[in-house]
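Structure below is my_file05.cif: mmCIF, C-alpha atoms.
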```cif
data_data
loop_
_atom_site.group_PDB
_atom_site.id
_atom_site.type_symbol
_atom_site.label_atom_id
_atom_site.label_comp_id
_atom_site.auth_asym_id
_atom_site.auth_seq_id
_atom_site.Cartn_x
_atom_site.Cartn_y
_atom_site.Cartn_z
ATOM 1 C CA MET A 30 178.132 35.242 29.999
ATOM 2 C CA ALA A 31 177.372 38.906 29.591
ATOM 3 C CA ASN A 32 173.686 38.138 29.999
ATOM 4 C CA THR A 33 174.209 36.493 33.399
ATOM 5 C CA ILE A 34 176.360 39.408 34.561
ATOM 6 C CA THR A 35 173.651 41.880 33.584
ATOM 7 C CA LEU A 36 170.965 39.840 35.342
ATOM 8 C CA LYS A 37 173.108 39.559 38.481
ATOM 9 C CA ARG A 38 173.540 43.338 38.562
ATOM 10 C CA ARG A 39 169.795 43.865 38.100
ATOM 11 C CA ILE A 40 169.024 41.467 40.950
ATOM 12 C CA GLY A 41 171.412 43.373 43.206
ATOM 13 C CA SER A 42 169.845 46.706 42.259
ATOM 14 C CA VAL A 43 166.304 45.458 42.905
ATOM 15 C CA LYS A 44 167.367 44.045 46.276
ATOM 16 C CA ASN A 45 168.755 47.449 47.255
ATOM 17 C CA ILE A 46 165.504 49.127 46.192
ATOM 18 C CA ARG A 47 163.520 46.573 48.200
ATOM 19 C CA GLN A 48 165.529 47.407 51.309
ATOM 20 C CA ILE A 49 164.766 51.108 50.836
ATOM 21 C CA THR A 50 161.033 50.593 50.241
ATOM 22 C CA LYS A 51 160.806 48.230 53.219
ATOM 23 C CA ALA A 52 162.470 50.802 55.463
ATOM 24 C CA MET A 53 160.130 53.525 54.194
ATOM 25 C CA GLU A 54 157.155 51.227 54.811
ATOM 26 C CA LEU A 55 158.185 50.692 58.428
ATOM 27 C CA VAL A 56 158.817 54.397 59.013
ATOM 28 C CA SER A 57 155.442 55.337 57.512
ATOM 29 C CA ALA A 58 153.693 52.670 59.598
ATOM 30 C CA SER A 59 155.205 54.097 62.775
ATOM 31 C CA LYS A 60 154.283 57.678 61.851
ATOM 32 C CA MET A 61 150.803 56.622 60.741
ATOM 33 C CA ARG A 62 149.934 55.142 64.139
ATOM 34 C CA ARG A 63 150.836 58.355 65.930
ATOM 35 C CA ALA A 64 149.077 60.512 63.339
ATOM 36 C CA GLN A 65 145.981 58.321 63.544
ATOM 37 C CA GLU A 66 145.817 58.822 67.309
ATOM 38 C CA HIS A 67 146.142 62.605 66.948
ATOM 39 C CA ALA A 68 143.426 62.663 64.276
ATOM 40 C CA ALA A 69 141.036 60.676 66.477
ATOM 41 C CA ASP A 70 141.649 62.969 69.454
ATOM 42 C CA GLY A 71 141.096 66.075 67.312
ATOM 43 C CA ARG A 72 137.682 64.898 66.164
ATOM 44 C CA ILE A 73 136.386 65.041 69.735
ATOM 45 C CA TYR A 74 137.544 68.639 70.144
ATOM 46 C CA ARG A 75 135.926 69.598 66.839
ATOM 47 C CA GLU A 76 132.625 68.070 67.928
ATOM 48 C CA TYR A 77 132.624 70.078 71.156
ATOM 49 C CA ALA A 78 133.399 73.275 69.257
ATOM 50 C CA HIS A 79 130.443 72.664 66.938
ATOM 51 C CA SER A 80 128.255 71.867 69.935
ATOM 52 C CA LEU A 81 129.103 75.103 71.754
ATOM 53 C CA LEU A 82 128.572 77.217 68.652
ATOM 54 C CA THR A 83 125.213 75.544 68.022
ATOM 55 C CA ARG A 84 124.077 76.374 71.555
ATOM 56 C CA LEU A 85 125.244 79.989 71.177
ATOM 57 C CA SER A 86 123.306 80.301 67.925
ATOM 58 C CA GLY A 87 120.084 79.868 69.886
ATOM 59 C CA ILE A 88 120.478 83.193 71.687
ATOM 60 C CA THR A 89 122.089 85.439 69.081
ATOM 61 C CA GLU A 90 121.901 86.049 65.342
ATOM 62 C CA VAL A 91 125.103 84.492 64.123
ATOM 63 C CA GLU A 92 124.271 85.507 60.548
ATOM 64 C CA GLU A 93 125.083 89.117 61.469
ATOM 65 C CA HIS A 94 128.696 88.213 62.198
ATOM 66 C CA PRO A 95 130.967 89.254 59.273
ATOM 67 C CA LEU A 96 132.329 85.722 58.892
ATOM 68 C CA TYR A 97 128.809 84.278 58.597
ATOM 69 C CA VAL A 98 127.463 86.673 55.977
ATOM 70 C CA LYS A 99 126.589 84.916 52.731
ATOM 71 C CA ARG A 100 126.882 86.782 49.442
ATOM 72 C CA ALA A 101 127.023 86.136 45.724
ATOM 73 C CA ILE A 102 130.212 84.313 44.804
ATOM 74 C CA LYS A 103 132.492 86.190 42.431
ATOM 75 C CA THR A 104 135.826 84.934 43.785
ATOM 76 C CA ARG A 105 136.408 81.623 45.520
ATOM 77 C CA MET A 106 139.453 80.634 47.523
ATOM 78 C CA TYR A 107 140.734 77.073 47.901
ATOM 79 C CA ILE A 108 142.974 75.994 50.763
ATOM 80 C CA VAL A 109 144.675 72.898 49.334
ATOM 81 C CA MET A 110 146.503 70.421 51.564
ATOM 82 C CA THR A 111 149.133 68.237 49.909
ATOM 83 C CA SER A 112 152.463 66.712 50.934
ATOM 84 C CA ASN A 113 156.009 67.965 50.636
ATOM 85 C CA SER A 114 157.254 64.693 49.142
ATOM 86 C CA GLY A 115 156.002 62.024 46.795
ATOM 87 C CA LEU A 116 155.943 58.215 46.907
ATOM 88 C CA ALA A 117 152.541 58.330 48.633
ATOM 89 C CA GLY A 118 150.396 56.616 46.043
ATOM 90 C CA ALA A 119 147.413 58.680 44.908
ATOM 91 C CA TYR A 120 147.499 61.000 47.926
ATOM 92 C CA ASN A 121 148.445 64.161 46.030
ATOM 93 C CA SER A 122 146.837 63.278 42.705
ATOM 94 C CA ASN A 123 143.399 62.777 44.297
ATOM 95 C CA ILE A 124 143.410 66.272 45.803
ATOM 96 C CA LEU A 125 144.863 67.938 42.715
ATOM 97 C CA ARG A 126 142.352 66.157 40.482
ATOM 98 C CA MET A 127 139.519 67.465 42.673
ATOM 99 C CA LEU A 128 141.016 70.971 42.576
ATOM 100 C CA THR A 129 141.217 70.843 38.780
ATOM 101 C CA ARG A 130 137.542 69.875 38.474
ATOM 102 C CA LEU A 131 136.487 72.691 40.810
ATOM 103 C CA ILE A 132 138.576 75.300 38.963
ATOM 104 C CA ILE A 133 137.089 74.231 35.624
ATOM 105 C CA ALA A 134 133.583 74.488 37.080
ATOM 106 C CA ASP A 135 134.365 77.968 38.453
ATOM 107 C CA GLU A 136 135.647 79.137 35.083
ATOM 108 C CA LYS A 137 132.441 78.005 33.414
ATOM 109 C CA ALA A 138 130.426 79.865 36.066
ATOM 110 C CA GLY A 139 132.519 83.032 35.707
ATOM 111 C CA ILE A 140 134.043 82.697 39.185
ATOM 112 C CA LYS A 141 137.660 83.635 39.821
ATOM 113 C CA SER A 142 139.823 81.190 41.767
ATOM 114 C CA GLN A 143 142.477 81.900 44.381
ATOM 115 C CA ILE A 144 144.574 79.284 46.159
ATOM 116 C CA ILE A 145 146.465 78.906 49.410
ATOM 117 C CA ALA A 146 148.708 75.857 48.989
ATOM 118 C CA ILE A 147 149.870 73.795 51.952
ATOM 119 C CA GLY A 148 152.678 71.480 50.872
ATOM 120 C CA LYS A 149 155.219 71.660 48.062
ATOM 121 C CA LYS A 150 153.275 69.429 45.686
ATOM 122 C CA GLY A 151 150.237 71.686 45.736
ATOM 123 C CA ALA A 152 152.351 74.812 45.326
ATOM 124 C CA GLN A 153 154.236 73.351 42.346
ATOM 125 C CA PHE A 154 150.993 72.294 40.687
ATOM 126 C CA THR A 155 149.278 75.650 41.253
ATOM 127 C CA ARG A 156 152.156 77.670 39.813
ATOM 128 C CA ASN A 157 151.548 75.992 36.462
ATOM 129 C CA ILE A 158 147.899 77.097 36.287
ATOM 130 C CA LYS A 159 147.611 80.486 34.629
ATOM 131 C CA SER A 160 143.921 81.063 35.403
ATOM 132 C CA VAL A 161 144.302 81.088 39.213
ATOM 133 C CA ASP A 162 146.106 83.288 41.713
ATOM 134 C CA LEU A 163 148.444 81.641 44.214
ATOM 135 C CA ILE A 164 147.964 83.787 47.325
ATOM 136 C CA ALA A 165 150.400 81.954 49.600
ATOM 137 C CA ALA A 166 152.308 78.690 49.874
ATOM 138 C CA TYR A 167 153.148 77.022 53.178
ATOM 139 C CA THR A 168 155.753 74.302 52.699
ATOM 140 C CA GLU A 169 157.185 74.024 56.217
ATOM 141 C CA VAL A 170 154.198 72.442 57.965
ATOM 142 C CA GLY A 171 155.352 69.209 59.600
ATOM 143 C CA ASP A 172 153.635 66.126 60.956
ATOM 144 C CA HIS A 173 152.724 67.906 64.182
ATOM 145 C CA PRO A 174 151.062 71.222 63.251
ATOM 146 C CA ASP A 175 150.392 73.791 65.950
ATOM 147 C CA ALA A 176 148.710 77.181 66.275
ATOM 148 C CA ASN A 177 151.673 78.947 64.676
ATOM 149 C CA ASP A 178 151.117 76.889 61.527
ATOM 150 C CA ILE A 179 147.343 77.424 61.424
ATOM 151 C CA ARG A 180 146.879 81.088 62.318
ATOM 152 C CA PRO A 181 148.697 82.629 59.322
ATOM 153 C CA ILE A 182 146.576 80.523 56.966
ATOM 154 C CA LEU A 183 143.331 81.281 58.760
ATOM 155 C CA ASN A 184 144.119 84.971 59.238
ATOM 156 C CA THR A 185 144.783 85.378 55.514
ATOM 157 C CA ALA A 186 141.530 83.679 54.535
ATOM 158 C CA ALA A 187 139.437 85.515 57.156
ATOM 159 C CA GLU A 188 140.911 88.912 56.295
ATOM 160 C CA LEU A 189 140.229 88.466 52.584
ATOM 161 C CA TYR A 190 136.684 87.337 53.387
ATOM 162 C CA ARG A 191 135.997 90.310 55.672
ATOM 163 C CA ASP A 192 137.357 92.668 53.002
ATOM 164 C CA LYS A 193 135.060 90.988 50.440
ATOM 165 C CA THR A 194 138.054 90.129 48.287
ATOM 166 C CA VAL A 195 136.831 86.540 48.294
ATOM 167 C CA ASP A 196 133.234 85.412 48.748
ATOM 168 C CA ASP A 197 133.743 81.753 49.557
ATOM 169 C CA VAL A 198 136.537 79.652 51.079
ATOM 170 C CA GLN A 199 136.777 75.903 50.518
ATOM 171 C CA LEU A 200 139.132 73.515 52.290
ATOM 172 C CA LEU A 201 140.456 70.548 50.277
ATOM 173 C CA TYR A 202 142.083 67.760 52.268
ATOM 174 C CA THR A 203 142.247 63.963 52.534
ATOM 175 C CA GLN A 204 140.026 62.466 55.209
ATOM 176 C CA PHE A 205 141.408 59.460 57.050
ATOM 177 C CA LYS A 206 138.727 56.787 57.426
ATOM 178 C CA SER A 207 140.822 53.646 57.904
ATOM 179 C CA ASN A 208 144.218 52.223 57.058
ATOM 180 C CA LEU A 209 142.902 51.218 53.651
ATOM 181 C CA VAL A 210 140.404 54.002 52.946
ATOM 182 C CA GLN A 211 141.327 57.680 52.580
ATOM 183 C CA GLU A 212 139.005 60.059 50.753
ATOM 184 C CA ALA A 213 139.655 63.434 49.134
ATOM 185 C CA THR A 214 137.216 65.789 50.870
ATOM 186 C CA GLN A 215 135.882 69.286 50.273
ATOM 187 C CA LEU A 216 134.841 71.326 53.327
ATOM 188 C CA SER A 217 133.217 74.749 53.238
ATOM 189 C CA LEU A 218 135.170 76.980 55.626
ATOM 190 C CA LEU A 219 133.734 80.453 54.961
ATOM 191 C CA PRO A 220 131.072 81.671 55.293
ATOM 192 C CA ALA A 221 131.246 79.973 58.676
ATOM 193 C CA ARG A 222 128.444 77.609 59.547
ATOM 194 C CA PHE A 223 127.594 75.125 62.241
ATOM 195 C CA ASP A 224 126.012 71.700 62.312
ATOM 196 C CA ALA A 225 122.363 71.731 63.303
ATOM 197 C CA THR A 226 121.819 69.493 66.355
ATOM 198 C CA ASP A 227 119.310 69.132 69.161
ATOM 199 C CA GLU A 228 121.731 70.291 71.852
ATOM 200 C CA SER A 229 120.549 73.897 71.769
ATOM 201 C CA GLU A 230 117.055 72.718 72.664
ATOM 202 C CA SER A 231 118.168 70.280 75.355
ATOM 203 C CA GLU A 232 120.463 72.765 77.129
ATOM 204 C CA PRO A 233 119.317 76.345 76.389
ATOM 205 C CA LEU A 234 121.638 79.219 77.268
ATOM 206 C CA SER A 235 119.012 81.974 77.393
ATOM 207 C CA ASN A 236 119.452 82.398 81.155
ATOM 208 C CA SER A 237 123.231 82.356 81.057
ATOM 209 C CA THR A 238 125.465 85.378 81.652
ATOM 210 C CA PHE A 239 128.320 86.072 79.229
ATOM 211 C CA GLU A 240 131.349 88.229 79.938
ATOM 212 C CA PRO A 241 132.185 90.622 78.455
ATOM 213 C CA SER A 242 129.294 90.061 75.992
ATOM 214 C CA VAL A 243 127.622 87.468 73.837
ATOM 215 C CA GLU A 244 129.164 89.064 70.731
ATOM 216 C CA ALA A 245 132.674 88.831 72.179
ATOM 217 C CA VAL A 246 132.147 85.191 73.085
ATOM 218 C CA LEU A 247 130.828 84.531 69.588
ATOM 219 C CA ASP A 248 133.906 86.193 68.064
ATOM 220 C CA GLY A 249 136.183 83.980 70.102
ATOM 221 C CA ILE A 250 134.364 80.712 69.515
ATOM 222 C CA THR A 251 134.052 81.399 65.788
ATOM 223 C CA GLU A 252 137.813 81.854 65.485
ATOM 224 C CA ARG A 253 138.393 78.700 67.538
ATOM 225 C CA LEU A 254 135.904 76.767 65.402
ATOM 226 C CA LEU A 255 137.644 77.783 62.194
ATOM 227 C CA GLU A 256 141.030 76.967 63.704
ATOM 228 C CA VAL A 257 139.933 73.520 64.786
ATOM 229 C CA GLN A 258 138.501 72.805 61.336
ATOM 230 C CA VAL A 259 141.839 73.636 59.692
ATOM 231 C CA TYR A 260 143.769 71.853 62.436
ATOM 232 C CA GLN A 261 141.665 68.704 62.147
ATOM 233 C CA ALA A 262 142.015 68.750 58.351
ATOM 234 C CA MET A 263 145.804 68.870 58.779
ATOM 235 C CA LEU A 264 145.741 65.929 61.185
ATOM 236 C CA GLU A 265 143.533 63.918 58.834
ATOM 237 C CA SER A 266 145.821 64.749 55.909
ATOM 238 C CA VAL A 267 148.972 63.713 57.781
ATOM 239 C CA ALA A 268 147.420 60.400 58.820
ATOM 240 C CA SER A 269 146.217 59.786 55.258
ATOM 241 C CA GLU A 270 149.613 60.633 53.773
ATOM 242 C CA HIS A 271 151.500 58.180 55.977
ATOM 243 C CA SER A 272 148.867 55.491 55.482
ATOM 244 C CA MET A 273 148.944 55.807 51.694
ATOM 245 C CA ARG A 274 152.742 55.950 51.643
ATOM 246 C CA MET A 275 152.926 52.848 53.824
ATOM 247 C CA LEU A 276 150.603 50.992 51.457
ATOM 248 C CA ALA A 277 152.488 52.235 48.384
ATOM 249 C CA MET A 278 155.832 51.155 49.825
ATOM 250 C CA LYS A 279 154.402 47.760 50.805
ATOM 251 C CA ASN A 280 153.222 47.253 47.234
ATOM 252 C CA ALA A 281 156.618 48.355 45.948
ATOM 253 C CA THR A 282 158.356 45.916 48.287
ATOM 254 C CA ASP A 283 156.107 43.052 47.190
ATOM 255 C CA ASN A 284 156.645 43.922 43.536
ATOM 256 C CA ALA A 285 160.403 44.005 44.092
ATOM 257 C CA SER A 286 160.293 40.553 45.687
ATOM 258 C CA ASP A 287 158.324 39.202 42.729
ATOM 259 C CA LEU A 288 160.757 40.815 40.315
ATOM 260 C CA ILE A 289 163.724 39.299 42.165
ATOM 261 C CA GLU A 290 162.154 35.857 41.866
ATOM 262 C CA ASP A 291 161.605 36.322 38.135
ATOM 263 C CA LEU A 292 165.126 37.632 37.581
ATOM 264 C CA THR A 293 166.617 34.842 39.671
ATOM 265 C CA LEU A 294 164.759 32.263 37.592
ATOM 266 C CA GLU A 295 165.931 33.963 34.413
ATOM 267 C CA PHE A 296 169.497 34.115 35.775
ATOM 268 C CA ASN A 297 169.490 30.390 36.645
ATOM 269 C CA THR A 298 168.092 29.549 33.214
ATOM 270 C CA ALA A 299 170.746 31.637 31.469
ATOM 271 C CA ARG A 300 173.512 30.144 33.612
ATOM 272 C CA GLN A 301 172.282 26.626 32.911
ATOM 273 C CA ALA A 302 172.158 27.388 29.197
ATOM 274 C CA ALA A 303 175.741 28.693 29.351
ATOM 275 C CA ILE A 304 176.914 25.579 31.189
ATOM 276 C CA THR A 305 175.145 23.336 28.686
ATOM 277 C CA GLN A 306 176.741 25.218 25.815
ATOM 278 C CA GLU A 307 180.211 24.900 27.361
ATOM 279 C CA LEU A 308 179.723 21.151 27.882
ATOM 280 C CA ALA A 309 178.567 20.766 24.287
ATOM 281 C CA GLU A 310 181.633 22.677 23.073
ATOM 282 C CA ILE A 311 183.974 20.536 25.201
ATOM 283 C CA THR A 312 182.323 17.315 24.030
ATOM 284 C CA GLY A 313 182.455 18.439 20.414
ATOM 285 C CA GLY A 314 186.121 19.363 20.751
ATOM 286 C CA ALA A 315 186.972 16.020 22.339
ATOM 287 C CA GLU A 316 185.232 14.122 19.544
ATOM 288 C CA ALA A 317 187.057 16.230 16.927
ATOM 289 C CA ILE A 318 190.432 15.380 18.525
ATOM 290 C CA GLN A 319 189.652 11.663 18.579
ATOM 291 C CA GLN A 320 188.803 11.719 14.878
#
```
Could you render the structure as C-alpha cells?
Amino acid sequence: MANTITLKRRIGSVKNIRQITKAMELVSASKMRRAQEHAADGRIYREYAHSLLTRLSGITEVEEHPLYVKRAIKTRMYIVMTSNSGLAGAYNSNILRMLTRLIIADEKAGIKSQIIAIGKKGAQFTRNIKSVDLIAAYTEVGDHPDANDIRPILNTAAELYRDKTVDDVQLLYTQFKSNLVQEATQLSLLPARFDATDESESEPLSNSTFEPSVEAVLDGITERLLEVQVYQAMLESVASEHSMRMLAMKNATDNASDLIEDLTLEFNTARQAAITQELAEITGGAEAIQQ
C-alpha cells in the first residue's frame, strides 16, 4: 500500500512540473516570435550601415581612423552575451564553451584576456576564472534593448581601444538561423572593418559634398556601425534564447508525459498486485475457517 501511495504522489508531482514546463514553452514561443521579427528587421539596418561605410571607404582612408588601426595583439577583450536565467538548453553553455577555448588559446599565445559580460550567467562564469579581468557586467538588459543599453558597452570598449589598453575586441553571441538552429558566433568588433562589396564602384561618392566634413561623417557612421553590430547581436541572442528555451521546455513536457505514463502503469500494476494479494489472503482465511 505504501508503494501505491508513493507512486501516486510522484505522478501528482510530475503532472505539476508538466504544467509549469508547458506554460514556459508557450511563453517562450510567444516571445520568440516577436524577437524573431525584431532580429529580421535589424539585419536590414545592419546591411545598409555596412553599405554606406563601404561607399565612404572609397573616398577616404578609413585605416587612419583610430578605431580602424590594427596593431599587435597583447590584450584582447571579449563581449560575451548570455542570459539572466537558465532552462534554455545549451544556450549559455555553447557560448561559455567557446569563450573557454578562446581564453585557453590566448594564454598559450601570451595574450591577456578581458571580458565584458552581458547577462548573469556570463558574469557568474567569468568571476570564477582567475586568469581574466571582468571589466563590467550588464545584467539588466531585457528582451527589448535600446541605445541606453548599448552605448555604455560600446563606449567602454571603444575607449579602451583608443587608449590602447586593449588591441582587439571580439563579440560572442548566439546567431538565430531558424527555430531549430542557433549557432554560437564570434564577431570581430574592433578594429572596425567593413564588408567588401561592389556598391562603392556602382555608386561612387567622389563628387558628393559632405557637411561638415568627410572625417566627421566617418566618425558618425563608424559609431553607428558598431552600435548596430552590438544591437543586432543582442536581438539575435534574445531570439535564440527564447527559441532554445521553448525547445527545451517542449522536450521537458514530452518527457514528463512519458514519465507519467510509466508511473501510471507501475501504479496500476502495484495496485493490481495489492488487490490480488488481499483476495488471496481472504480466500486463504476462508479456507482455514472451513477446516
- Query: Can you list, as a PyMOL selection string, the residues that the PyMOL selection byres ((chain A and resi 112-119) around 7) selects here?
  - Reply: chain A and resi 111+120-123+148-150+168+270+273-274+277
Box for stretch 103-112 of chain A: with edges along x, y and z, all listed atoms inside and 3 Å added on each side, what are the centre and edge lengths in Å to one decimal, as lines of an AutoDock Vina configuration file?
```
center_x = 142.5
center_y = 76.5
center_z = 47.0
size_x = 26.0
size_y = 25.5
size_z = 15.1
```
- Item | Selection: 8 Å around stretch 98-108 of chain A, all atoms listed in the file, excl. self and same-chain fewer than 2 positions, as a PyMOL selection string | chain A and resi 92-96+110+139-147+186+194-201+220
- Task: Please identify all polymer residues within 12 Å of A:Ser286, counting all atoms listed in the file, omitting same-chain residues fewer than 2 positions from it, and present them as a count of residues only.
- Result: 23
- Do a neighbour search on A:Pro181 at 12 Å with all atoms listed in the file, toss out local chain neighbours closer than 3 positions, and write the hits as a list in words.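 Listed by chain and then number, they are Ile145, Ile147, Ala165, Ala166, Tyr167, Val170, Asp175, Ala176, Asn177, Asp178, Asn184, Thr185, Ala186, Ala187, Glu188, Glu256 and Val259 of chain A.
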- Query: If the PyMOL selection byres ((chain A and resi 204) around 7) is run on the structure shown, which residues does it catch, given as a VMD selection string?
  - Reply: chain A and resid 202 to 203 205 to 206 211 to 214 265 to 266 269
- In Å, rounded to a single decimal, give me how far atom CA of A:Leu218 is from atom CA of A:Leu255. 7.1 Å
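Shortest atom-to-atom contact with A:Leu219 among A:Lys159, A:Tyr190, A:Ala245, A:Ile250: A:Tyr190, counting only C-alpha atoms.
Straight-line separation from atom CA of A:His173 to atom CA of A:Arg253: 18.3 Å.
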- Tell me which residues the PyMOL selection byres ((chain A and resi 261) around 10) grabs here, as a ChimeraX atom specification. /A:67-75,174,202,204,255-260,262-267
